[in-house]
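Structure first, commentary second.
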Amino acid sequence: MKKTILYLLIGCSLASCAQEKKKMNDNLIPDLYKEVKFKDQKISYRAGIQVGASNFVLLINDVPVAQNFEEAGGTFNTSAPINDMILKSGKQHFKLILYPGFKNNVPLTALSENVLAKITIEGLKYEGEGVKTIVEPFTILEIGENGKAFTEKGKPTAIYEGTFDAKVPYDLTAWSKSKDLRKEDSATLEKEVLAFYQQYINIVKNKDAGALAKLVYKKEKNYAQALFLDQEGTQNQWDSYLELIKDPTLVMEPVEKYKMNFYANGRLVTLERIDYPNIGEPALRSESKEDGRAVVGFYFCQLHKPEGSNTLELIH
C-alpha cells in the first residue's frame, strides 16, 4: 500500500458561503504571493540529515522536521526545508532524539553501539531552475565515524541538542505568543482537537472549497512568507488542496490509535499514531485509489490557541 504525505492543514469551521463569497475565497491562497515581502533577501535553510542504526525524530525550535520509525538497520538520509520552523533571525534550537527502532516488526529495547548521526545546515537561494548557496553547509551535530564517540549504547533513548544561528528577513508571530496548551485540562483539550479533526473530515466530505480557502489562510500566509513563495508556488499550494477535495475515490479514515503530542514548547498540539509501522505519523488520514492501488494519505495538523483566544486554530 502506497503512503502519501500531504502537508494540508485545514481549519475547523463549516460555515457555508454564498457563491460570490466562495469565488472570492478560492482566490485567497493563490493570491498570497502578493503579500510575500523581502523577496530580494530570500534564503531557504535546509537540514541535511543522516542517521544510521537507529530510529529518530529531529526537531527545530521544538517542531518536528523529520523522523523515521522503521527497521533499525541501514542509514536514513534526507534533506529537509526548515524555514517554516524559523520564525525570526537569531539562535535556533535543535534536538535529535534517537530510539532503538525495530527488528522483524518487534521493538528493540536498547540502542546499538553502531549508531551514527550527522546534521548539517545550509542556506540556499532558488532562482528559477538554478540554486545559489548563500550559507555554506555547516555541521551542528556529528556522532560516530568522524564525529564524537557514541556513548549511549544500551540505553532506551539518547537526546542531543544545541543551537545554531540563522538569519531571515522576516519576523513571524505564528505560534510564538500562543497559549501553552500543556497547562489546559488534557481530557477537555483532546475533545477539542478531535472535534476539529471531525470538522475537517466534514469539509472534505462537503467539498467546500470556499470555506477551506478561508480557513487555511493564516497557515498558508505564514508558509508563503517563510518559503518566499512566488505566484506559481502559492497556486501549487491551492492546487494541492483542490486535488484533495475533488478526488472522487478519497475516503477519510477514522481517527484512531493515537496520542496527543505537544510541540513548540506547548504552543502546538496534534494527534499522532502510536501503532507500528505508523508511529509518529498524523492521525488524520485518508485512503484513495491510484492506478488501482490503495493510497494512504496523512495530513499534518498542528493547532494552537492564539493569544487572547480559547479556540483552536490551524497554524502549521
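Ligands are numbered from 1 in the order shown, chains are lettered A, B, ... in the order of the C-alpha cells, and residues start at 1 in each chain.
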For Leu87 (chain A), please output as a compact mmCIF listing (two decimals) with N, CA, C and O atoms, in the first residue's frame all residues within 8 Å (counting only C-alpha atoms; exclusion window: fewer than 3 positions along the same chain).
# COMPACT_ATOMS: atom_id res chain seq x y z
N ASN A 83 12.66 26.43 6.96
CA ASN A 83 12.27 27.84 7.13
C ASN A 83 10.98 28.01 7.90
O ASN A 83 10.83 28.96 8.68
N ASP A 84 10.02 27.10 7.71
CA ASP A 84 8.74 27.27 8.38
C ASP A 84 8.81 26.93 9.86
O ASP A 84 7.83 27.12 10.59
N TYR A 170 12.37 38.11 7.64
CA TYR A 170 11.02 38.24 8.17
C TYR A 170 10.99 37.99 9.68
O TYR A 170 11.94 37.48 10.27
N ASP A 171 9.88 38.36 10.30
CA ASP A 171 9.63 38.11 11.72
C ASP A 171 8.16 37.72 11.85
O ASP A 171 7.28 38.56 11.75
N LEU A 172 7.91 36.43 12.03
CA LEU A 172 6.54 35.91 12.06
C LEU A 172 6.08 35.67 13.49
O LEU A 172 6.80 35.10 14.30
N THR A 173 4.86 36.11 13.78
CA THR A 173 4.29 35.83 15.10
C THR A 173 3.90 34.36 15.19
O THR A 173 4.25 33.67 16.15
N ALA A 174 3.14 33.88 14.21
CA ALA A 174 2.70 32.49 14.14
C ALA A 174 2.23 32.00 15.51
O ALA A 174 1.29 32.53 16.07
N SER A 176 4.28 31.96 18.26
CA SER A 176 5.26 32.40 19.26
C SER A 176 4.62 33.00 20.51
O SER A 176 5.20 32.96 21.60
N ALA A 226 7.53 32.42 4.81
CA ALA A 226 8.72 31.69 5.24
C ALA A 226 9.46 31.07 4.08
O ALA A 226 10.69 30.99 4.07
- Which residue gives the smallest distance to Ala53 (chain A) among A:His316, A:Lys148, A:Lys153, A:Lys91, with only C-alpha atoms counted?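 Closest to Ala53 (chain A), using only C-alpha atoms: A:Lys153.
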- request: For Leu141 (chain A), please output as a ChimeraX atom specification all residues within 12 Å (counting only C-alpha atoms; exclusion window: fewer than 6 positions along the same chain).
  value: /A:47-51,58,94-96,116-121,147-150,159-164
In Å and to one decimal, CA of Phe76 (chain A) is distant from CA of Gln92 (chain A) by 23.4 Å
Might you pull out every residue within 8 Å of Val63 (chain A), with only C-alpha atoms counted and same-chain residues fewer than 2 positions away left off, and present them as a PDB file with C-alpha atoms, in the first residue's frame?
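Everything below was put into out.pdb:
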ATOM      1  CA  LEU A  59      13.075  18.979  15.884  1.00  0.00           C
ATOM      2  CA  ILE A  60      13.941  22.602  15.120  1.00  0.00           C
ATOM      3  CA  ASN A  61      12.600  25.041  17.721  1.00  0.00           C
ATOM      4  CA  VAL A  65      11.344  18.338  10.846  1.00  0.00           C
ATOM      5  CA  MET A  85      10.185  26.311  11.782  1.00  0.00           C
ATOM      6  CA  TYR A 263       5.330  20.866  20.239  1.00  0.00           C
ATOM      7  CA  ALA A 264       6.797  24.380  20.163  1.00  0.00           C
TER       8      ALA A 264
END
A straight line from CA of Lys167 (chain A) to CA of Ser89 (chain A) spans 4.5 Å
Item to complete: Measuring atom to atom with only C-alpha atoms, identify which of A:Glu136, A:Asp230, A:Glu184, A:Glu127 is nearest to Val269 (chain A).
Response: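 Looking at the shortest contact to Val269 (chain A), the residue is A:Glu184.
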- request: Have a look at CA of Ser186 (chain A) and CA of Met260 (chain A) and let me know their distance in Å, one decimal.
  value: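 Computed distance, CA of Ser186 (chain A) to CA of Met260 (chain A), equals 8.9 Å.
Among the candidate residues A:Phe196, A:Phe228, A:Trp175, A:Trp238, the one lying nearest to Gly266 (chain A) is A:Trp175, with distances computed using only C-alpha atoms.
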Practice problem: Run DSSP on the backbone and give me the residues of region 168-204 of chain A it puts in helix (DSSP H, G or I), as an NGL selection string. | Solution: :A and (181-183 or 186-204)
Using only C-alpha atoms, the residue out of A:Ala110, A:Leu215, A:Phe38, A:Thr234 with shortest distance to Gln199 (chain A) is A:Leu215
Give the strand (DSSP E or B) residues of region 157-291 of chain A, as DSSP finds them on the backbone, and put them as a PyMOL selection string.
chain A and resi 158-166+251-252+258-263+268-273+282+285-290
Keeping C-alpha atoms for every residue in the selection just given, could you write it to a file as a compact mmCIF listing (two decimals), in the first residue's frame?
# COMPACT_ATOMS: atom_id res chain seq x y z
CA ALA A 158 19.50 9.35 23.58
CA ILE A 159 18.95 13.09 23.21
CA TYR A 160 21.32 15.61 21.64
CA GLU A 161 20.50 19.28 21.45
CA GLY A 162 22.07 22.66 20.86
CA THR A 163 21.70 25.87 18.87
CA PHE A 164 22.72 27.37 15.55
CA ASP A 165 22.38 30.82 14.02
CA ALA A 166 20.03 31.63 11.17
CA VAL A 251 -12.41 8.40 1.88
CA MET A 252 -11.37 9.79 5.26
CA TYR A 258 -3.28 7.99 18.52
CA LYS A 259 -1.58 10.01 21.23
CA MET A 260 -1.92 13.75 21.79
CA ASN A 261 1.50 15.38 21.47
CA PHE A 262 2.69 18.92 22.14
CA TYR A 263 5.33 20.87 20.24
CA LEU A 268 1.20 23.43 19.24
CA VAL A 269 -0.91 20.31 19.70
CA THR A 270 -1.57 17.42 17.34
CA LEU A 271 -2.63 13.76 17.30
CA GLU A 272 -0.09 11.18 16.14
CA ARG A 273 -0.32 7.44 15.60
CA PRO A 282 -0.50 12.15 11.75
CA ARG A 285 -5.68 10.02 7.37
CA SER A 286 -7.43 9.08 4.15
CA GLU A 287 -7.45 6.30 1.62
CA SER A 288 -7.83 6.75 -2.12
CA LYS A 289 -7.15 4.87 -5.34
CA GLU A 290 -4.33 5.50 -7.78
Neighbouring residues of region 66-72 of chain A were defined as those with any atom within 10 Å, considering only C-alpha atoms; residues of the same chain fewer than 2 positions away were excluded. Please report them as a CSV table (one decimal) with N, CA, C and O atoms, in the first residue's frame.
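This went into part12.csv:
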chain,number,residue,atom,x,y,z
A,47,ALA,N,18.0,21.3,6.3
A,47,ALA,CA,18.8,20.5,7.2
A,47,ALA,C,19.2,19.2,6.5
A,47,ALA,O,18.3,18.5,5.9
A,49,ILE,N,20.2,15.5,6.9
A,49,ILE,CA,20.0,14.5,8.0
A,49,ILE,C,20.5,13.1,7.6
A,49,ILE,O,20.1,12.6,6.5
A,51,VAL,N,21.1,9.5,9.6
A,51,VAL,CA,21.0,8.7,10.9
A,51,VAL,C,21.1,7.3,10.6
A,51,VAL,O,20.4,6.8,9.7
A,52,GLY,N,22.0,6.5,11.2
A,52,GLY,CA,22.2,5.1,11.0
A,52,GLY,C,22.0,4.3,12.2
A,52,GLY,O,22.3,4.7,13.3
A,53,ALA,N,21.5,3.1,12.1
A,53,ALA,CA,21.3,2.1,13.1
A,53,ALA,C,20.4,2.5,14.2
A,53,ALA,O,20.5,2.0,15.4
A,54,SER,N,19.5,3.4,14.0
A,54,SER,CA,18.5,3.8,15.0
A,54,SER,C,17.4,4.5,14.3
A,54,SER,O,17.5,5.0,13.2
A,55,ASN,N,16.3,4.6,15.1
A,55,ASN,CA,15.2,5.5,14.7
A,55,ASN,C,15.4,6.9,15.3
A,55,ASN,O,16.2,7.0,16.2
A,56,PHE,N,14.6,7.9,14.8
A,56,PHE,CA,14.9,9.2,15.3
A,56,PHE,C,13.8,10.2,15.1
A,56,PHE,O,12.9,9.9,14.2
A,57,VAL,N,13.8,11.3,15.8
A,57,VAL,CA,13.0,12.5,15.5
A,57,VAL,C,13.9,13.7,15.6
A,57,VAL,O,14.7,13.8,16.5
A,58,LEU,N,13.9,14.5,14.6
A,58,LEU,CA,14.7,15.8,14.6
A,58,LEU,C,13.7,16.9,14.7
A,58,LEU,O,12.7,17.0,13.9
A,59,LEU,N,13.9,17.8,15.7
A,59,LEU,CA,13.1,19.0,15.9
A,59,LEU,C,13.9,20.2,15.8
A,59,LEU,O,15.1,20.3,16.3
A,60,ILE,N,13.4,21.3,15.2
A,60,ILE,CA,13.9,22.6,15.1
A,60,ILE,C,13.0,23.5,15.8
A,60,ILE,O,11.8,23.6,15.5
A,63,VAL,N,9.8,21.9,16.9
A,63,VAL,CA,8.8,21.5,15.9
A,63,VAL,C,9.4,20.4,15.0
A,63,VAL,O,10.5,20.6,14.6
A,64,PRO,N,8.7,19.3,14.8
A,64,PRO,CA,9.3,18.2,14.1
A,64,PRO,C,9.7,18.5,12.6
A,64,PRO,O,8.9,19.2,11.9
A,74,GLY,N,20.5,-0.2,8.5
A,74,GLY,CA,20.7,0.8,7.4
A,74,GLY,C,20.8,2.2,7.9
A,74,GLY,O,20.8,2.5,9.1
A,75,THR,N,20.9,3.1,6.9
A,75,THR,CA,21.1,4.6,7.2
A,75,THR,C,20.1,5.4,6.5
A,75,THR,O,19.8,5.2,5.3
A,76,PHE,N,19.5,6.3,7.2
A,76,PHE,CA,18.4,7.2,6.7
A,76,PHE,C,19.1,8.5,6.3
A,76,PHE,O,19.8,9.1,7.0
A,78,THR,N,18.3,12.3,4.2
A,78,THR,CA,17.4,13.2,3.5
A,78,THR,C,17.9,14.6,3.7
A,78,THR,O,18.8,14.9,4.5
A,79,SER,N,17.3,15.6,2.9
A,79,SER,CA,17.5,17.0,3.1
A,79,SER,C,16.1,17.6,3.2
A,79,SER,O,15.2,17.4,2.4
A,80,ALA,N,15.9,18.3,4.3
A,80,ALA,CA,14.5,18.9,4.6
A,80,ALA,C,14.5,20.4,4.8
A,80,ALA,O,15.4,20.9,5.4
A,81,PRO,N,13.5,21.1,4.2
A,81,PRO,CA,13.4,22.5,4.4
A,81,PRO,C,13.0,22.8,5.8
A,81,PRO,O,12.2,22.1,6.4
A,82,ILE,N,13.5,23.9,6.4
A,82,ILE,CA,13.3,24.2,7.8
A,82,ILE,C,12.8,25.7,8.0
A,82,ILE,O,12.6,26.1,9.2
A,96,LEU,N,17.8,16.3,18.6
A,96,LEU,CA,17.7,15.0,17.9
A,96,LEU,C,17.5,13.9,19.0
A,96,LEU,O,18.3,13.8,19.9
A,97,ILE,N,16.4,13.2,18.9
A,97,ILE,CA,16.1,12.1,19.8
A,97,ILE,C,16.3,10.8,19.0
A,97,ILE,O,15.6,10.6,18.0
A,98,LEU,N,17.1,9.9,19.6
A,98,LEU,CA,17.3,8.6,19.0
A,98,LEU,C,16.6,7.5,19.8
A,98,LEU,O,16.6,7.5,21.0
A,99,TYR,N,16.1,6.5,19.0
A,99,TYR,CA,15.4,5.4,19.5
A,99,TYR,C,15.9,4.1,19.0
A,99,TYR,O,16.5,4.1,17.8
A,100,PRO,N,15.8,3.0,19.7
A,100,PRO,CA,16.4,1.7,19.2
A,100,PRO,C,15.8,1.2,17.9
A,100,PRO,O,16.5,0.5,17.1
A,101,GLY,N,14.5,1.5,17.6
A,101,GLY,CA,13.9,1.0,16.3
A,101,GLY,C,13.3,-0.4,16.4
A,101,GLY,O,13.0,-0.8,17.5
A,102,PHE,N,13.2,-1.0,15.3
A,102,PHE,CA,12.5,-2.3,15.3
A,102,PHE,C,13.4,-3.4,14.5
A,102,PHE,O,14.2,-3.0,13.7
A,103,LYS,N,13.1,-4.6,14.8
A,103,LYS,CA,13.7,-5.7,14.1
A,103,LYS,C,12.7,-6.8,13.9
A,103,LYS,O,12.1,-7.3,14.9
A,104,ASN,N,12.4,-7.1,12.6
A,104,ASN,CA,11.4,-8.0,12.3
A,104,ASN,C,10.0,-7.6,12.9
A,104,ASN,O,9.3,-8.5,13.5
A,105,ASN,N,9.7,-6.3,12.9
A,105,ASN,CA,8.5,-5.8,13.4
A,105,ASN,C,8.4,-5.8,14.9
A,105,ASN,O,7.3,-5.4,15.5
A,106,VAL,N,9.4,-6.1,15.6
A,106,VAL,CA,9.4,-6.2,17.1
A,106,VAL,C,10.3,-5.0,17.6
A,106,VAL,O,11.4,-4.8,17.1
A,107,PRO,N,9.8,-4.2,18.5
A,107,PRO,CA,10.6,-3.1,19.0
A,107,PRO,C,11.8,-3.5,19.8
A,107,PRO,O,11.7,-4.4,20.7
A,108,LEU,N,12.9,-2.9,19.5
A,108,LEU,CA,14.2,-3.2,20.3
A,108,LEU,C,14.1,-2.4,21.5
A,108,LEU,O,13.4,-1.3,21.6
A,111,LEU,N,19.6,0.9,22.4
A,111,LEU,CA,20.4,1.5,21.3
A,111,LEU,C,21.6,0.7,21.0
A,111,LEU,O,22.3,0.2,21.9
A,112,SER,N,21.9,0.6,19.7
A,112,SER,CA,23.1,-0.2,19.3
A,112,SER,C,24.4,0.6,19.4
A,112,SER,O,24.3,1.8,19.5
A,115,VAL,N,25.3,3.2,16.3
A,115,VAL,CA,24.6,4.4,15.9
A,115,VAL,C,25.5,5.5,15.4
A,115,VAL,O,26.6,5.7,15.9
A,276,TYR,N,2.8,0.6,15.1
A,276,TYR,CA,3.8,0.3,14.1
A,276,TYR,C,3.1,-0.3,12.9
A,276,TYR,O,2.1,-1.1,13.0
A,277,PRO,N,3.4,0.1,11.7
A,277,PRO,CA,4.6,1.0,11.3
A,277,PRO,C,4.2,2.4,11.1
A,277,PRO,O,4.9,3.1,10.3
A,278,ASN,N,3.1,2.9,11.8
A,278,ASN,CA,2.6,4.3,11.6
A,278,ASN,C,3.1,5.2,12.7
A,278,ASN,O,2.6,6.3,12.7
A,279,ILE,N,4.0,4.8,13.5
A,279,ILE,CA,4.4,5.5,14.7
A,279,ILE,C,4.8,6.9,14.3
A,279,ILE,O,5.6,7.1,13.4
A,280,GLY,N,4.2,8.0,15.0
A,280,GLY,CA,4.6,9.3,14.7
A,280,GLY,C,4.0,10.0,13.6
A,280,GLY,O,4.1,11.2,13.4
A,281,GLU,N,3.2,9.2,12.8
A,281,GLU,CA,2.5,9.8,11.6
A,281,GLU,C,1.2,10.5,12.1
A,281,GLU,O,0.7,10.1,13.1
Judged by only C-alpha atoms, the minimum distance to Glu192 (chain A) among A:Gln237, A:Thr311, A:Asn27, A:Asn222 is found for A:Thr311
Counting only C-alpha atoms, the residue among A:Val216, A:Ile274, A:Ile86, A:Leu229 that lies closest to Cys301 (chain A) is A:Val216
